[in-house]
Amino acid sequence: MSKPVKRVLLTNDDGWRGPGLQVLEEIANEIAEEVWIVSPDLDQSGVSMSISVHHPLRVHQFEERRFSVSGTPSDCVLLGVAELLPVRPDLVLSGVNNGANISDSVAYSGTIGGALTGTLLGIPSIALSQAYIPGNDVYWETSRQYGANLVRQLLDAGWPEDCAMNINFPARPPEDVRGVAICRPQRGSIGGVNIERREDTRGVPYYWLGFQRQTDRITGRQTDVGALRDGLIALSPVRFERDIASSWQVDTSDMADQLGIDQNGDNNTAADDPSISH
């Protein structure tokens with residue numbers, strides 16, 4: 001079978017030693033002629049699309065076309081595309097994450113962040129995650145068995161260029177998977193925040209943060225949580241921005257009046273220089 005991708009860039013948020021990255025490399029080798037890995041040195045879960053702007057990044061090449069970076073998944077994608085790869089990749093794959101990236105957690109996920117960074121650069125990008133039940137084995141064979149064929153089908157079908165595809169594999173062995181669902185994240189899986197206060201050996205306090213989960217409140221196969229619960233592979237297109245202007249409006253002229261802004265003055269003209277520093 002021919003390979004649909006010339007060059008693919010892999011990253012993750014569990015670090016380059018993560019078992020899911022090995023699974024992702026197996027998937028990539030089935031669909032791409034050339035596989036490159038640029039992955040964080042350490043676990044970067046929860047960093048979303050953050051990039052490192054307050055310290056330099058260190059890069060270590062541990063094999064041919066294999067690099068680790070002292071930064072986030074987004075750092076890895078930016079470095080890979082702009083510096084480490086000789087030519088832009090045709091596809092970015094991020095994962096396979098150890099645990100689902102669903103519902104509210106999509107906003108925090110470094111796995112999703114890596115894929116969205118690829119999308120921001122104009123490269124088709126897919127995030128892949130393997131759900132598991134705490135205390136049970138992780139069924140890596142499920143994402144391993146279905147991953148490559150699913151990516152092929154998505155590439156054939158295509159998806160909106162401003163979206164990354166988010167794939168979550170259910171927490172069950174391959175033979176128990178019941179189908180595929182196009183679904184969406186839904187708010188409500190996070191019920192609160194857990195903060196654990198501790199003290200170091202000098203008596204200085206520090207804190208561990210975590211979420212209180214309540215995914216039992218989310219139902220229906222149209223949601224990623226519900227699809228996974230029913231044993232389906234959950235496909236969710238995700239964007240880093242959403243246009244809500246069509247469904248939410250206010251009277252901006254009235255706002256300006258109340259702020260005392262002269263909307264008809266001489267300065268109310270389009271600027272000649274369109275650039276904005278950011």
# chains A, B, ... in the order shown; residues from 1 in each chain; ligands from 1
>>> residues_around(residues="Ser125 of chain A", least_positions_apart="5", cutoff="8 Å", atoms="only C-alpha atoms", output="mmCIF file with all heavy atoms, in the first residue's frame")
data_model
loop_
_atom_site.group_PDB
_atom_site.id
_atom_site.type_symbol
_atom_site.label_atom_id
_atom_site.label_comp_id
_atom_site.auth_asym_id
_atom_site.auth_seq_id
_atom_site.Cartn_x
_atom_site.Cartn_y
_atom_site.Cartn_z
ATOM 1 N N LEU A 91 2.406 16.881 7.421
ATOM 2 C CA LEU A 91 1.438 16.503 8.457
ATOM 3 C C LEU A 91 2.121 16.581 9.810
ATOM 4 O O LEU A 91 3.296 16.252 9.937
ATOM 5 C CB LEU A 91 0.926 15.076 8.203
ATOM 6 C CG LEU A 91 -0.042 14.469 9.215
ATOM 7 C CD1 LEU A 91 -1.398 15.168 9.168
ATOM 8 C CD2 LEU A 91 -0.222 12.971 8.942
ATOM 9 N N VAL A 92 1.376 17.018 10.832
ATOM 10 C CA VAL A 92 1.836 16.979 12.221
ATOM 11 C C VAL A 92 0.923 16.026 12.987
ATOM 12 O O VAL A 92 -0.301 16.139 12.927
ATOM 13 C CB VAL A 92 1.797 18.374 12.876
ATOM 14 C CG1 VAL A 92 2.068 18.266 14.382
ATOM 15 C CG2 VAL A 92 2.814 19.307 12.218
ATOM 16 N N LEU A 93 1.528 15.074 13.694
ATOM 17 C CA LEU A 93 0.799 14.171 14.582
ATOM 18 C C LEU A 93 1.290 14.398 16.002
ATOM 19 O O LEU A 93 2.499 14.428 16.250
ATOM 20 C CB LEU A 93 1.012 12.709 14.191
ATOM 21 C CG LEU A 93 0.521 12.273 12.803
ATOM 22 C CD1 LEU A 93 0.855 10.801 12.575
ATOM 23 C CD2 LEU A 93 -0.970 12.508 12.654
ATOM 24 N N SER A 94 0.366 14.544 16.943
ATOM 25 C CA SER A 94 0.706 14.798 18.341
ATOM 26 C C SER A 94 0.087 13.719 19.215
ATOM 27 O O SER A 94 -1.119 13.505 19.177
ATOM 28 C CB SER A 94 0.192 16.185 18.750
ATOM 29 O OG SER A 94 0.584 16.515 20.068
ATOM 30 N N ALA A 115 -0.880 20.002 18.224
ATOM 31 C CA ALA A 115 -1.607 19.892 16.962
ATOM 32 C C ALA A 115 -2.117 21.260 16.500
ATOM 33 O O ALA A 115 -2.039 21.595 15.310
ATOM 34 C CB ALA A 115 -2.763 18.911 17.109
ATOM 35 N N LEU A 116 -2.631 22.061 17.409
ATOM 36 C CA LEU A 116 -3.140 23.379 17.030
ATOM 37 C C LEU A 116 -2.019 24.295 16.549
ATOM 38 O O LEU A 116 -2.233 25.154 15.685
ATOM 39 C CB LEU A 116 -3.879 24.014 18.201
ATOM 40 C CG LEU A 116 -5.264 23.446 18.501
ATOM 41 C CD1 LEU A 116 -5.831 24.053 19.781
ATOM 42 C CD2 LEU A 116 -6.220 23.700 17.343
ATOM 43 N N GLY A 118 0.571 23.269 14.850
ATOM 44 C CA GLY A 118 0.741 22.871 13.456
ATOM 45 C C GLY A 118 -0.315 23.498 12.572
ATOM 46 O O GLY A 118 -0.019 23.995 11.471
ATOM 47 N N THR A 119 -1.558 23.511 13.029
ATOM 48 C CA THR A 119 -2.645 24.140 12.275
ATOM 49 C C THR A 119 -2.383 25.632 12.079
ATOM 50 O O THR A 119 -2.617 26.189 11.004
ATOM 51 C CB THR A 119 -3.980 23.937 13.014
ATOM 52 O OG1 THR A 119 -4.240 22.538 13.130
ATOM 53 C CG2 THR A 119 -5.123 24.590 12.277
ATOM 54 N N ALA A 164 -7.753 21.495 13.936
ATOM 55 C CA ALA A 164 -6.977 20.272 14.141
ATOM 56 C C ALA A 164 -7.968 19.165 14.461
ATOM 57 O O ALA A 164 -9.022 19.410 15.052
ATOM 58 C CB ALA A 164 -5.984 20.446 15.291
ATOM 59 N N MET A 165 -7.636 17.948 14.079
ATOM 60 C CA MET A 165 -8.492 16.813 14.411
ATOM 61 C C MET A 165 -8.037 16.208 15.739
ATOM 62 O O MET A 165 -6.838 15.996 15.950
ATOM 63 C CB MET A 165 -8.444 15.749 13.315
ATOM 64 C CG MET A 165 -9.174 16.125 12.046
ATOM 65 S SD MET A 165 -10.929 16.503 12.292
ATOM 66 C CE MET A 165 -11.502 15.002 13.070
#
>>> select_by_dssp(residues="segment 64-225 of chain A", states="strand (DSSP E)", output="number ranges by chain")
A: 66-69, 91-98, 125-130, 164-169, 179-182, 190-199, 205-213
>>> residues_around(residues="Thr223 of chain A", least_positions_apart="3", cutoff="9 Å", atoms="only C-alpha atoms", output="VMD selection string")
chain A and resid 102 to 103 181 to 186 218 to 220 226 to 228 234 236
>>> select_by_dssp(residues="segment 149-186 of chain A", states="helix (DSSP H, G or I)", output="NGL selection string")
:A and (149-157 or 174-176)
>>> atom_distance(atom1="atom CA of Asp90 of chain A", atom2="atom CA of Asp41 of chain A")
24.0 Å
